[in-house]
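So the structure is just underneath, and the comments pick up after that.
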Amino acid sequence: MITGKKQAELIKEISGVNPLKCMKCGKCSATCPSYNEMDIKPHQFVSYVLNEDIEALMQSESLWKCLSCFACVERCPRDVKPGKLIDAARQLLIRQRGQEYLSPDEVPELLDPEIPQQLLVSAFRRYRR
Amino acid sequence: MQRIGVFVCHCGSNIAATVDVEKVVEIIRQEPGVVHAEDYQYMCSEVGQAKIADAIHEKGLTGIVVCSCSPRMHETTFRKAAERAGLNPYMVEIANIREHCSWIHKDVEEATKKAVILARAAIAKVNLNAPLKPGESRVTKRALIIGGGIAGIQTALDIADAGYEVDIVEKTPSIGGRMSQLDKTFPTLDCSACILTPKMVEASAHEKITIYTYSEVEKVTGFVGDFTVDIRKKARSVDMDKCTGCGVCQEKCPSKKAPSEFNRGLSNRSAIYTPFAQAIPNVPVIDREHCLKFQKGKCGVCAKVCQAGAIDYEQKDEIVTEKYGAIVVATGFDVIKLDNYDEYAYSQSKDVITSLELERIMNAAGPTKGHLERLSDGKAPREMVFIQCVGSRCADDRGKSYCSKICCMYTAKHAMLIRDKYPDVNVTVFYIDVRTPGKNFDEFYRRAVEDFGVNYIKGQVGKVAPQPNGRLLVQASDLLDNRQIKMEADMVVLAAAIEPNPDVRKIATMLTASIDTNNFLTEAHAKLRPVESPTAGVFLSGVCQGPKDIPETVAQAGAAAVKAIGLLAKDKLLTNPCTAHSDELLCNGCSTCANVCPYGAITYEVRQVNDHGIREDRRLAVVNEALCQGCGACTVACPSGAMDLKGFSNRQILAEVDAICQ
């Protein structure tokens, strides 16, 4: 079992985000289309990482309610990008569960040119077989 | 060989905590030429300086090395101390063992070693020092103020009241600046025009003040006390002496589609115009880009209706050259462009405005005659939203990293004024932090909340979206209630960040004054010399130095004036004796040095030279010592090693390098 501290470091490494840059303006939560679905709100992701409470973050509904629309990433004035943090937490969870990705052979038939690439990547992670 | 004394400063614990100062003294005492070495807690104190003086007298010292802080800090202090003790001040050298050593290192042993090396380098240099004597230059008793806003006007008035001639150069057709665009001013809510226009009138009527409006600084040469400046007076197309300011030309002008700069483009003006009714001078200019006469060759209505015959289509730009002793930069600010903030729908909806635009809307002389109304349909708003920190405090490349400082207060002012005049309008302010340091400032903000019922919500707005019903959907955070707010508003006001006037870059280059990454002019010292530029004779007034409100601007403008007066009051200035000179036997007249000299201090003359018995005429570089600032560019560029700098000779620099590499 890895510690919360180690997990927090992993999340920072995967996301490339420095949560200390946050000035707590809440623009991420103001911008989020899934806000009402989430138990932990986008602006709170930052403090969960800072408090090294990663288990709670990985257990949260928000992990699967985030659309990866990246509006919060785009609009964050402090370059903190909460969407990347939740994305990293999701990756961490998936890695812990083991091999649950789609196999590369299945990808071509799922491709739809209308779907934004980010959503596709996100969907691959979520709707694994 | 010099008789050198070395003085090692502890600087309290600043140096002594990282550098073993006793050990430095012990080692340095053994250096050849060193006849005295000691350490003391604060060398810059009276006692410390007395130690230097005593040693000069007792040991007959001819050179001094002080191991202490940066020479920028205390070189002058120690040179003066040496001078008082009868030593030439240029025989003092500083080894910077604070900024260059103790502050940047942790390991005591390593830092002590480095301190010794730095001291050795300074000793090597002092050994080759020669006494230098500063020359004198005259001071032109006239000041130039660049920018005619409240900062420039106040500085001009203060300098002129002290009895010196002052010229104000203002780019736009009238003085007054941003303050003339404001409606009311915080925290007393007095009318901006009522307190500004008397100052504008005073400046224009002052016998010592000359105002060049619609003019720009084109070229600056010279140095402190003796600047020569070219001012371009742009063609006004109106004779300033003949015009009576009756305003008939503006009334009759058929071209009325030019966006009014004064009203931030919210209304149109005529092609011949004064920016606002109280403009000074009250003489219009013709905006040639919008004038039918200039664009199509037909019209000439203004010339026909002008009783005074003041219209002059043939007028050309004019260059005025004037000499100044001091230059004050007061170029002010503008609001940032909001092109990168699509989420706030500024470019999509007329009802999303900046605070400066609201200022014009609230003003009786503004585009809506002071009625608060939506610019899209002219309807009175019921719900207003203010968004703070738009482009301020940003770590991304869309905005500015700094706090614009004035927005919290002007937003409280706007909110209060609207609630006072239109009690049925709901006002919501979305803030990140409310920053109100300043006399009576927090009380002002609390009044907005407690007495006027302005709804302050902590949380930034994520997006503003125009709705089919003509209203604006505002989606925001309420961080304290941990909820997302979706509300409809009739108008949204953005507290857009302020930035230095973009022209300041050009002006800073002309003045060789330094600017920071945000284009604010840099002070000579952030705390102790806040109104002086590092470039001698250049002073800073107002927002060109950093965001500030009106009271602070006026205070700083006065401070800049005092510094300028202090300079103008002198008849002569001592010049830096560390200037370049060329060795006539080595110079081959190649012009390389003249090409790199940033001050135009090098010229050439043909002179007869006696080169080991051979007499011949040669083209030689000559340095004007009054212009040379001792930057050393020529000494590095000279291919034949003829150029050398007094006080920093090539031999001295190499001796320092040798001492370090020992």
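Going through the structure tokens in order, the chains are called A, B, and so on, while each chain numbers its residues from 1 and the ligands are numbered from 1 in the order shown.
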Interface residues on chain B facing chain A, 12 Å, only C-alpha atoms, written as a PyMOL selection string: chain B and resi 340-344+387-402+430-434+457-465+474-487
Polymer residues at most 8 Å from Ile11 of chain A, only C-alpha atoms, same-chain spacing of 6 or more positions, as an MDAnalysis selection string: chainID A and resid 49 85 88:89 92
What lies within 10 Å of Lys570 of chain B using only C-alpha atoms, ignoring chain neighbours under 6 positions off, as an MDAnalysis selection string? chainID B and resid 138:141 225 325
Can you pull out the residues contacting Val19 of chain B? Cut-off 6 Å, using only C-alpha atoms, and skip same-chain residues under 6 positions away; I want them as a PyMOL selection string. chain B and resi 108+111-112
Between atom CA of Cys408 of chain B and atom CA of Gly453 of chain B, what is the distance, to one decimal in Å?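 Atom-to-atom, atom CA of Cys408 of chain B to atom CA of Gly453 of chain B, that is 16.3 Å.
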Suppose you want the space between atom CA of Ile54 of chain A and atom CA of Gln96 of chain A; what is it in Å?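 Value for the atom CA of Ile54 of chain A-atom CA of Gln96 of chain A distance: 12.9 Å.
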Nearby residues (only C-alpha atoms) at most 9 Å from Asn51 of chain A, same-chain spacing under 3 positions excluded, as an MDAnalysis selection string: chainID A and resid 4:5 8 46:48 54
Pull all heavy atoms from the residues just selected and write them as a CSV table (one decimal), in the first residue's frame.
```csv
chain,number,residue,atom,x,y,z
A,4,GLY,N,-0.2,8.2,1.3
A,4,GLY,CA,-0.8,9.4,0.7
A,4,GLY,C,0.2,10.3,0.1
A,4,GLY,O,0.0,10.9,-0.9
A,5,LYS,N,1.3,10.5,0.8
A,5,LYS,CA,2.3,11.4,0.4
A,5,LYS,C,2.9,10.9,-0.9
A,5,LYS,O,3.0,11.8,-1.8
A,5,LYS,CB,3.4,11.4,1.5
A,5,LYS,CG,4.5,12.4,1.2
A,5,LYS,CD,5.6,12.4,2.3
A,5,LYS,CE,6.6,13.4,1.9
A,5,LYS,NZ,7.3,14.1,2.9
A,8,ALA,N,0.3,11.6,-3.6
A,8,ALA,CA,0.3,13.0,-4.0
A,8,ALA,C,1.4,13.4,-4.9
A,8,ALA,O,1.2,14.1,-5.9
A,8,ALA,CB,0.3,13.8,-2.7
A,46,VAL,N,-7.5,20.6,-5.5
A,46,VAL,CA,-6.2,21.1,-5.1
A,46,VAL,C,-5.9,20.9,-3.7
A,46,VAL,O,-4.8,20.4,-3.3
A,46,VAL,CB,-6.2,22.7,-5.4
A,46,VAL,CG1,-4.9,23.3,-4.9
A,46,VAL,CG2,-6.3,22.9,-6.9
A,47,SER,N,-6.8,21.1,-2.8
A,47,SER,CA,-6.5,21.0,-1.4
A,47,SER,C,-6.4,19.5,-1.0
A,47,SER,O,-5.7,19.1,-0.1
A,47,SER,CB,-7.5,21.7,-0.5
A,47,SER,OG,-8.8,21.4,-0.9
A,48,TYR,N,-7.2,18.6,-1.7
A,48,TYR,CA,-7.0,17.2,-1.4
A,48,TYR,C,-5.6,16.7,-1.8
A,48,TYR,O,-5.0,15.9,-1.1
A,48,TYR,CB,-8.0,16.4,-2.2
A,48,TYR,CG,-9.4,16.2,-1.5
A,48,TYR,CD1,-10.3,17.2,-1.6
A,48,TYR,CD2,-9.7,15.1,-0.8
A,48,TYR,CE1,-11.5,17.2,-0.9
A,48,TYR,CE2,-10.9,15.0,-0.1
A,48,TYR,CZ,-11.8,16.0,-0.2
A,48,TYR,OH,-13.0,15.9,0.5
A,54,ILE,N,-5.3,11.4,-0.9
A,54,ILE,CA,-5.6,11.0,-2.3
A,54,ILE,C,-6.6,9.8,-2.3
A,54,ILE,O,-7.3,9.7,-3.3
A,54,ILE,CB,-4.2,10.5,-3.0
A,54,ILE,CG1,-3.2,11.6,-2.8
A,54,ILE,CG2,-4.4,10.2,-4.4
A,54,ILE,CD1,-3.5,12.9,-3.4
```
Among the residues of segment 575-627 of chain B, find those DSSP assigns to strand (DSSP E) from the backbone and print them as JSON, numbers by chain. {"B": [580, 581, 582, 602, 603, 604, 605, 606, 607, 608, 609, 610, 611, 614, 615, 616, 617, 618, 619, 620, 621, 622, 623]}
Identify, on the basis of only C-alpha atoms, every residue whose closest approach to Ser34 of chain A does not exceed 9 Å; exclude the query and any residue fewer than 3 positions from it along the same chain; express the result as a PyMOL selection string. chain A and resi 37-38+62+65-67
May I have the residues from that selection written out with N, CA and C atoms, as a compact mmCIF listing (two decimals), in the first residue's frame?
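Below is the file result.txt, written as the result:
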```txt
# COMPACT_ATOMS: atom_id res chain seq x y z
N GLU A 37 -22.91 17.37 -10.25
CA GLU A 37 -22.80 15.91 -10.14
C GLU A 37 -21.67 15.50 -9.20
N MET A 38 -20.80 16.45 -8.91
CA MET A 38 -19.57 16.09 -8.21
C MET A 38 -19.72 16.17 -6.70
N SER A 62 -16.52 12.30 -8.26
CA SER A 62 -16.04 13.31 -9.21
C SER A 62 -15.12 12.72 -10.27
N LYS A 65 -17.31 11.72 -12.91
CA LYS A 65 -18.24 12.72 -13.42
C LYS A 65 -17.52 13.77 -14.25
N CYS A 66 -16.24 13.89 -14.07
CA CYS A 66 -15.45 14.85 -14.85
C CYS A 66 -15.52 14.46 -16.32
N LEU A 67 -15.86 15.43 -17.18
CA LEU A 67 -16.02 15.17 -18.61
C LEU A 67 -14.71 15.29 -19.37
```
